[in-house]
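As stored in upload_32.cif (mmCIF, C-alpha atoms):
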data_query
loop_
_atom_site.label_atom_id
_atom_site.label_comp_id
_atom_site.auth_asym_id
_atom_site.auth_seq_id
_atom_site.Cartn_x
_atom_site.Cartn_y
_atom_site.Cartn_z
CA MET M 1 0.00 0.00 0.00
CA LEU M 2 1.28 3.45 -1.00
CA SER M 3 2.25 5.58 1.96
CA TYR M 4 1.36 9.23 2.38
CA GLU M 5 4.99 10.27 1.80
CA GLY M 6 5.20 8.18 -1.38
CA PHE M 7 1.94 9.63 -2.66
CA THR M 8 3.22 13.15 -1.97
CA ILE M 9 6.44 12.48 -3.90
CA ILE M 10 4.48 11.17 -6.90
CA ILE M 11 2.27 14.26 -6.89
CA MET M 12 5.33 16.54 -6.68
CA LEU M 13 6.92 14.70 -9.60
CA PHE M 14 3.79 15.15 -11.70
CA ILE M 15 3.83 18.86 -10.86
CA LEU M 16 7.57 19.48 -11.26
CA ALA M 17 8.13 17.35 -14.37
CA PRO M 18 6.33 19.74 -16.78
CA ILE M 19 8.04 22.73 -15.14
CA MET M 20 11.48 21.14 -15.46
CA GLY M 21 10.67 20.16 -19.03
CA ALA M 22 9.63 23.72 -19.83
CA ILE M 23 12.82 25.07 -18.28
CA ALA M 24 14.89 22.58 -20.29
CA LEU M 25 13.09 23.56 -23.48
CA LEU M 26 13.69 27.25 -22.67
CA PHE M 27 17.44 26.67 -22.19
CA LEU M 28 17.52 24.63 -25.41
CA PHE M 29 15.74 27.44 -27.28
CA ILE M 30 18.17 30.05 -25.92
CA PHE M 31 21.14 27.83 -26.79
CA GLU M 32 19.90 27.34 -30.36
CA LYS M 33 19.34 31.07 -30.74
CA ARG M 34 22.84 31.70 -29.45
CA ILE M 35 24.25 29.25 -32.01
CA ASP M 36 22.27 30.96 -34.78
CA LEU M 37 23.60 34.36 -33.70
CA LEU M 38 27.19 33.08 -33.68
CA GLU M 39 26.75 31.49 -37.10
CA ASN M 40 25.28 34.71 -38.51
CA LYS M 41 28.10 36.72 -36.93
CA ASN M 42 30.72 34.42 -38.44
CA LYS M 43 28.99 34.68 -41.80
CA GLU M 44 29.02 38.48 -41.57
CA ILE M 45 32.74 38.43 -40.71
CA ARG M 46 33.50 36.16 -43.67
CA LEU M 47 31.47 38.38 -46.00
CA GLU M 48 33.23 41.50 -44.70
CA GLN M 49 36.64 39.89 -45.16
CA ALA M 50 35.73 38.84 -48.70
CA LEU M 51 34.54 42.36 -49.47
CA GLN M 52 37.72 43.91 -48.08
CA GLU M 53 39.84 41.48 -50.08
CA ALA M 54 37.93 42.38 -53.25
CA GLN M 55 38.36 46.09 -52.52
CA TYR M 56 42.08 45.61 -51.83
CA ASN M 57 42.62 43.69 -55.07
CA LYS M 58 40.72 46.35 -57.01
CA LEU M 59 42.93 49.10 -55.55
CA ASN M 60 46.06 47.11 -56.37
CA GLN M 61 44.93 46.75 -59.96
CA GLN M 62 44.40 50.51 -60.22
CA ILE M 63 48.08 51.21 -59.63
CA GLN M 64 49.56 48.75 -62.10
CA PRO M 65 48.17 50.23 -65.37
CA HIS M 66 49.22 53.67 -64.14
CA PHE M 67 52.85 52.55 -63.97
CA LEU M 68 52.55 50.76 -67.29
CA PHE M 69 51.44 53.89 -69.12
CA ASN M 70 54.14 56.07 -67.57
CA THR M 71 56.85 53.55 -68.40
CA LEU M 72 55.66 53.25 -71.99
CA ASN M 73 55.89 57.02 -72.30
CA VAL M 74 59.51 56.87 -71.11
CA ILE M 75 60.35 54.18 -73.66
CA LEU M 76 58.56 56.08 -76.42
CA GLY M 77 60.58 59.20 -75.60
CA LEU M 78 63.86 57.27 -75.85
CA ALA M 79 62.80 55.82 -79.21
CA ARG M 80 61.96 59.26 -80.58
CA LEU M 81 65.38 60.54 -79.50
CA ASP M 82 67.00 57.53 -81.18
CA ARG M 83 68.82 56.63 -77.96
CA LYS M 84 69.12 52.95 -78.86
CA ALA M 85 71.43 51.81 -76.07
CA GLU M 86 69.27 53.45 -73.41
CA LEU M 87 66.14 52.12 -75.12
CA ILE M 88 67.42 48.54 -74.93
CA ARG M 89 68.26 48.95 -71.23
CA ALA M 90 64.84 50.49 -70.59
CA LEU M 91 63.10 47.60 -72.36
CA GLU M 92 65.09 45.11 -70.30
CA ALA M 93 64.07 46.88 -67.07
CA PHE M 94 60.49 47.03 -68.31
CA SER M 95 60.42 43.30 -69.06
CA GLN M 96 61.68 42.58 -65.52
CA PHE M 97 58.91 44.77 -64.16
CA LEU M 98 56.28 42.85 -66.14
CA LYS M 99 57.69 39.57 -64.85
CA PHE M 100 57.30 40.78 -61.27
CA LYS M 101 53.93 42.42 -61.90
CA TYR M 102 52.21 39.18 -62.81
CA LYS M 103 53.73 37.38 -59.83
CA ALA M 104 52.68 39.98 -57.23
CA SER M 105 49.21 38.80 -56.21
CA GLU M 106 49.50 38.69 -52.41
CA PRO M 107 48.22 41.53 -50.17
CA LEU M 108 51.62 41.60 -48.44
CA ILE M 109 55.03 40.80 -49.92
CA PRO M 110 58.60 40.79 -48.55
CA LEU M 111 60.20 44.22 -48.56
CA ALA M 112 63.08 42.86 -50.65
CA GLN M 113 60.64 42.15 -53.49
CA GLU M 114 59.09 45.61 -53.24
CA ILE M 115 62.53 47.22 -53.44
CA GLN M 116 63.53 45.03 -56.38
CA TYR M 117 60.30 45.90 -58.18
CA THR M 118 60.81 49.64 -57.62
CA GLN M 119 64.41 49.38 -58.81
CA HIS M 120 63.14 48.50 -62.29
CA TYR M 121 61.31 51.84 -62.36
CA LEU M 122 64.36 53.68 -61.02
CA ASP M 123 66.55 52.06 -63.68
CA ILE M 124 64.33 53.52 -66.38
CA GLN M 125 64.33 56.97 -64.76
CA SER M 126 68.12 56.83 -64.38
CA ILE M 127 68.38 56.30 -68.12
CA ARG M 128 66.17 59.34 -68.74
CA PHE M 129 67.84 61.71 -66.28
CA GLY M 130 71.42 60.52 -66.72
CA ASP M 131 73.95 62.01 -64.31
CA ARG M 132 71.43 64.57 -63.08
CA LEU M 133 69.63 61.94 -60.97
CA LYS M 134 71.09 60.95 -57.60
CA ILE M 135 69.31 58.21 -55.63
CA ASP M 136 70.02 57.40 -51.99
CA MET M 137 68.20 54.29 -50.74
CA SER M 138 68.82 52.70 -47.34
CA CYS M 139 67.20 49.71 -45.66
CA PRO M 140 68.63 47.57 -42.82
CA ASP M 141 69.21 43.99 -43.96
CA HIS M 142 67.07 42.49 -41.19
CA LEU M 143 64.03 44.43 -42.45
CA THR M 144 64.14 43.08 -45.99
CA ILE M 145 62.13 40.02 -44.91
CA ALA M 146 59.42 42.15 -43.30
CA LEU M 147 56.11 42.31 -45.17
CA VAL M 148 54.83 45.38 -46.97
CA PRO M 149 51.75 46.11 -49.13
CA PRO M 150 52.88 45.82 -52.78
CA PHE M 151 53.44 48.97 -54.86
CA ILE M 152 53.68 51.26 -51.81
CA LEU M 153 57.30 52.26 -52.42
CA GLN M 154 56.94 52.32 -56.20
CA THR M 155 53.89 54.60 -56.00
CA LEU M 156 55.66 57.08 -53.71
CA VAL M 157 58.73 57.10 -55.95
CA GLU M 158 56.60 57.59 -59.06
CA ASN M 159 54.79 60.41 -57.28
CA SER M 160 58.12 62.12 -56.57
CA PHE M 161 59.05 62.08 -60.25
CA LYS M 162 55.66 63.03 -61.62
CA HIS M 163 54.95 65.93 -59.25
CA GLY M 164 58.45 67.18 -58.49
CA LEU M 165 61.53 65.84 -60.23
CA GLU M 166 60.07 65.94 -63.76
CA LYS M 167 60.06 69.76 -63.60
CA LYS M 168 63.33 70.08 -61.69
CA VAL M 169 66.17 71.99 -63.37
CA GLY M 170 69.63 70.76 -62.41
CA ALA M 171 70.41 67.94 -59.98
CA ALA M 172 67.44 65.72 -59.10
CA LEU M 173 67.80 64.13 -55.66
CA LEU M 174 65.71 61.25 -54.32
CA HIS M 175 66.13 59.93 -50.76
CA ILE M 176 64.48 56.65 -49.71
CA GLN M 177 64.79 55.26 -46.19
CA PHE M 178 63.24 52.35 -44.29
CA HIS M 179 63.63 52.11 -40.53
CA LEU M 180 62.00 50.46 -37.52
CA GLU M 181 60.76 52.11 -34.33
CA SER M 182 58.78 50.36 -31.57
CA GLU M 183 57.63 47.50 -33.82
CA THR M 184 56.45 49.99 -36.45
CA MET M 185 57.86 50.17 -39.98
CA TYR M 186 58.60 53.60 -41.41
CA LEU M 187 59.18 54.53 -45.04
CA VAL M 188 60.40 58.03 -45.91
CA VAL M 189 60.58 59.23 -49.52
CA LYS M 190 61.97 62.72 -50.01
CA ASP M 191 62.82 64.63 -53.19
CA ASN M 192 64.16 68.09 -54.03
CA GLY M 193 61.70 68.61 -56.87
CA CYS M 194 59.46 71.56 -57.56
CA ILE M 195 56.45 71.89 -55.29
CA GLY M 196 53.47 70.49 -57.16
CA ASN M 197 50.18 68.77 -56.56
CA ALA M 198 51.77 65.92 -54.61
CA THR M 199 49.12 65.92 -51.93
CA SER M 200 46.33 64.59 -54.12
CA ALA M 201 45.66 61.96 -56.74
CA ASP M 202 47.21 62.60 -60.12
CA GLU M 203 45.40 65.13 -62.27
CA ASP M 204 45.15 62.79 -65.24
CA GLY M 205 43.18 60.10 -63.45
CA GLY M 206 45.91 58.38 -61.44
CA HIS M 207 45.46 57.21 -57.89
CA GLY M 208 48.72 57.96 -56.04
CA LEU M 209 48.61 58.74 -52.36
CA ASP M 210 44.85 58.26 -52.05
CA ASN M 211 45.25 54.67 -53.21
CA ILE M 212 48.00 54.02 -50.66
CA GLN M 213 45.88 55.38 -47.82
CA LYS M 214 42.90 53.21 -48.78
CA ARG M 215 44.97 50.04 -49.05
CA LEU M 216 46.75 50.68 -45.74
CA HIS M 217 43.41 51.29 -44.03
CA LEU M 218 41.90 48.10 -45.46
CA TYR M 219 44.75 45.98 -44.13
CA PHE M 220 45.91 47.78 -40.98
CA SER M 221 42.94 50.05 -40.12
CA THR M 222 44.02 52.93 -37.85
CA ARG M 223 47.45 51.41 -37.16
CA ALA M 224 48.87 52.77 -40.42
CA HIS M 225 49.52 56.42 -41.25
CA LEU M 226 50.64 58.60 -44.14
CA THR M 227 51.87 62.19 -43.88
CA ILE M 228 53.17 64.58 -46.52
CA ALA M 229 54.92 67.93 -46.30
CA SER M 230 56.23 70.26 -49.01
CA ASP M 231 58.38 73.39 -48.84
CA GLU M 232 60.95 75.21 -50.97
CA SER M 233 63.42 72.33 -50.52
CA GLY M 234 61.06 69.67 -51.93
CA THR M 235 58.50 67.12 -50.74
CA LYS M 236 58.68 64.50 -47.99
CA VAL M 237 56.24 61.62 -47.59
CA GLU M 238 56.30 59.31 -44.57
CA VAL M 239 54.31 56.07 -44.31
CA SER M 240 54.12 53.85 -41.23
CA TRP M 241 52.50 50.46 -40.58
CA PRO M 242 52.86 47.64 -38.01
CA LEU M 243 55.85 45.34 -38.37
CA VAL M 244 54.70 42.03 -39.90
CA PHE M 245 56.69 38.92 -40.75
CA ASP M 246 55.64 35.88 -42.75
CA THR M 247 54.60 33.19 -40.24
CA LYS M 248 54.21 30.40 -42.80
#
Please, can you express the file's structure as structure tokens?
Amino acid sequence: MLSYEGFTIIIMLFILAPIMGAIALLFLFIFEKRIDLLENKNKEIRLEQALQEAQYNKLNQQIQPHFLFNTLNVILGLARLDRKAELIRALEAFSQFLKFKYKASEPLIPLAQEIQYTQHYLDIQSIRFGDRLKIDMSCPDHLTIALVPPFILQTLVENSFKHGLEKKVGAALLHIQFHLESETMYLVVKDNGCIGNATSADEDGGHGLDNIQKRLHLYFSTRAHLTIASDESGTKVEVSWPLVFDTK
């Protein structure tokens, strides 16, 4: 025969079981909602990353035709002047540039590659300017394996020629320096050219400094900076971004 205590326990179980079931279902519902929110958040992050990558690649592609057109103009000028030896050297430098151009598809590349790529452009300009052009480039050996957004140096150098050194009478001086401070990379490009419109995108539809700022922001957000200053002695551009090494 069922005792009073046993009967009471059975009644309590009948009462508590639906409540406990409801609580369990509530926790399960909250847990599922939480999973859905996390999945949606991860999806949003992946979509944002894909969008940023697409934007970055688009900005990279904007710079490359710009350099192509300027280099072709240099080669055309040499051909018109019948400077065959310089023309051959310029074509050789141009072919090396093209070889690098179609290999540079990563958002960050070793600094050594960026310098080598820019050197092809400087070789062509050295042919044009002759002894008038003096280039001073310095970079500590241990920084050459650090990563840098492609075409940053080349764009700044091209900007120096287009907005300053092209119109310079007499000696044309270009100073390029990389250095490291507090885990931050610094690039300084300074020229003694005429003061021009170096603070904006090129007048003929180029992208210049604006492109650099957009690409740095896409990859490093507020941790990267670009400053420019011009006076009677020329123009100085300084770019900084966090030190990054290849971890692969």
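CA of Leu174 (chain M) is positioned 19.0 Å from CA of Ser240 (chain M).
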Selection result for the PyMOL selection byres ((chain M and resi 148-154) around 10) on this file, as a VMD selection string: chain M and resid 60 63 to 64 67 101 104 to 122 144 to 147 155 to 160 176 185 187 to 189 208 to 209 211 to 213 215 to 216 219 239 241 to 245
Can you write just those residues out, C-alpha atoms, as a PDB file, keeping the file's coordinate frame?
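Result file is part_34.pdb:
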ATOM      1  CA  ASN M  60      46.060  47.110 -56.370  1.00  0.00           C
ATOM      2  CA  ILE M  63      48.080  51.210 -59.630  1.00  0.00           C
ATOM      3  CA  GLN M  64      49.560  48.750 -62.100  1.00  0.00           C
ATOM      4  CA  PHE M  67      52.850  52.550 -63.970  1.00  0.00           C
ATOM      5  CA  LYS M 101      53.930  42.420 -61.900  1.00  0.00           C
ATOM      6  CA  ALA M 104      52.680  39.980 -57.230  1.00  0.00           C
ATOM      7  CA  SER M 105      49.210  38.800 -56.210  1.00  0.00           C
ATOM      8  CA  GLU M 106      49.500  38.690 -52.410  1.00  0.00           C
ATOM      9  CA  PRO M 107      48.220  41.530 -50.170  1.00  0.00           C
ATOM     10  CA  LEU M 108      51.620  41.600 -48.440  1.00  0.00           C
ATOM     11  CA  ILE M 109      55.030  40.800 -49.920  1.00  0.00           C
ATOM     12  CA  PRO M 110      58.600  40.790 -48.550  1.00  0.00           C
ATOM     13  CA  LEU M 111      60.200  44.220 -48.560  1.00  0.00           C
ATOM     14  CA  ALA M 112      63.080  42.860 -50.650  1.00  0.00           C
ATOM     15  CA  GLN M 113      60.640  42.150 -53.490  1.00  0.00           C
ATOM     16  CA  GLU M 114      59.090  45.610 -53.240  1.00  0.00           C
ATOM     17  CA  ILE M 115      62.530  47.220 -53.440  1.00  0.00           C
ATOM     18  CA  GLN M 116      63.530  45.030 -56.380  1.00  0.00           C
ATOM     19  CA  TYR M 117      60.300  45.900 -58.180  1.00  0.00           C
ATOM     20  CA  THR M 118      60.810  49.640 -57.620  1.00  0.00           C
ATOM     21  CA  GLN M 119      64.410  49.380 -58.810  1.00  0.00           C
ATOM     22  CA  HIS M 120      63.140  48.500 -62.290  1.00  0.00           C
ATOM     23  CA  TYR M 121      61.310  51.840 -62.360  1.00  0.00           C
ATOM     24  CA  LEU M 122      64.360  53.680 -61.020  1.00  0.00           C
ATOM     25  CA  THR M 144      64.140  43.080 -45.990  1.00  0.00           C
ATOM     26  CA  ILE M 145      62.130  40.020 -44.910  1.00  0.00           C
ATOM     27  CA  ALA M 146      59.420  42.150 -43.300  1.00  0.00           C
ATOM     28  CA  LEU M 147      56.110  42.310 -45.170  1.00  0.00           C
ATOM     29  CA  THR M 155      53.890  54.600 -56.000  1.00  0.00           C
ATOM     30  CA  LEU M 156      55.660  57.080 -53.710  1.00  0.00           C
ATOM     31  CA  VAL M 157      58.730  57.100 -55.950  1.00  0.00           C
ATOM     32  CA  GLU M 158      56.600  57.590 -59.060  1.00  0.00           C
ATOM     33  CA  ASN M 159      54.790  60.410 -57.280  1.00  0.00           C
ATOM     34  CA  SER M 160      58.120  62.120 -56.570  1.00  0.00           C
ATOM     35  CA  ILE M 176      64.480  56.650 -49.710  1.00  0.00           C
ATOM     36  CA  MET M 185      57.860  50.170 -39.980  1.00  0.00           C
ATOM     37  CA  LEU M 187      59.180  54.530 -45.040  1.00  0.00           C
ATOM     38  CA  VAL M 188      60.400  58.030 -45.910  1.00  0.00           C
ATOM     39  CA  VAL M 189      60.580  59.230 -49.520  1.00  0.00           C
ATOM     40  CA  GLY M 208      48.720  57.960 -56.040  1.00  0.00           C
ATOM     41  CA  LEU M 209      48.610  58.740 -52.360  1.00  0.00           C
ATOM     42  CA  ASN M 211      45.250  54.670 -53.210  1.00  0.00           C
ATOM     43  CA  ILE M 212      48.000  54.020 -50.660  1.00  0.00           C
ATOM     44  CA  GLN M 213      45.880  55.380 -47.820  1.00  0.00           C
ATOM     45  CA  ARG M 215      44.970  50.040 -49.050  1.00  0.00           C
ATOM     46  CA  LEU M 216      46.750  50.680 -45.740  1.00  0.00           C
ATOM     47  CA  TYR M 219      44.750  45.980 -44.130  1.00  0.00           C
ATOM     48  CA  VAL M 239      54.310  56.070 -44.310  1.00  0.00           C
ATOM     49  CA  TRP M 241      52.500  50.460 -40.580  1.00  0.00           C
ATOM     50  CA  PRO M 242      52.860  47.640 -38.010  1.00  0.00           C
ATOM     51  CA  LEU M 243      55.850  45.340 -38.370  1.00  0.00           C
ATOM     52  CA  VAL M 244      54.700  42.030 -39.900  1.00  0.00           C
ATOM     53  CA  PHE M 245      56.690  38.920 -40.750  1.00  0.00           C
TER      54      PHE M 245
END
May I ask which of the residues M:His179, M:Arg128, M:Lys214, M:Arg80 is the closest one to Asp141 (chain M), counting all atoms listed in the file?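 Using all atoms listed in the file, Asp141 (chain M) sits closest to M:His179.
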For CA of Ile124 (chain M) and CA of Ala90 (chain M), the interatomic separation in Å (one decimal):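 It comes out at 5.2 Å.
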As a check of understanding, name the residues that the PyMOL selection byres ((chain M and resi 169) around 12) selects in the supplied structure, as an MDAnalysis selection string. chainID M and resid 129 132:133 164:168 170:173 192:194
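The gap separating CA of Thr222 (chain M) from CA of Tyr186 (chain M) is 15.0 Å, in Å to one decimal.
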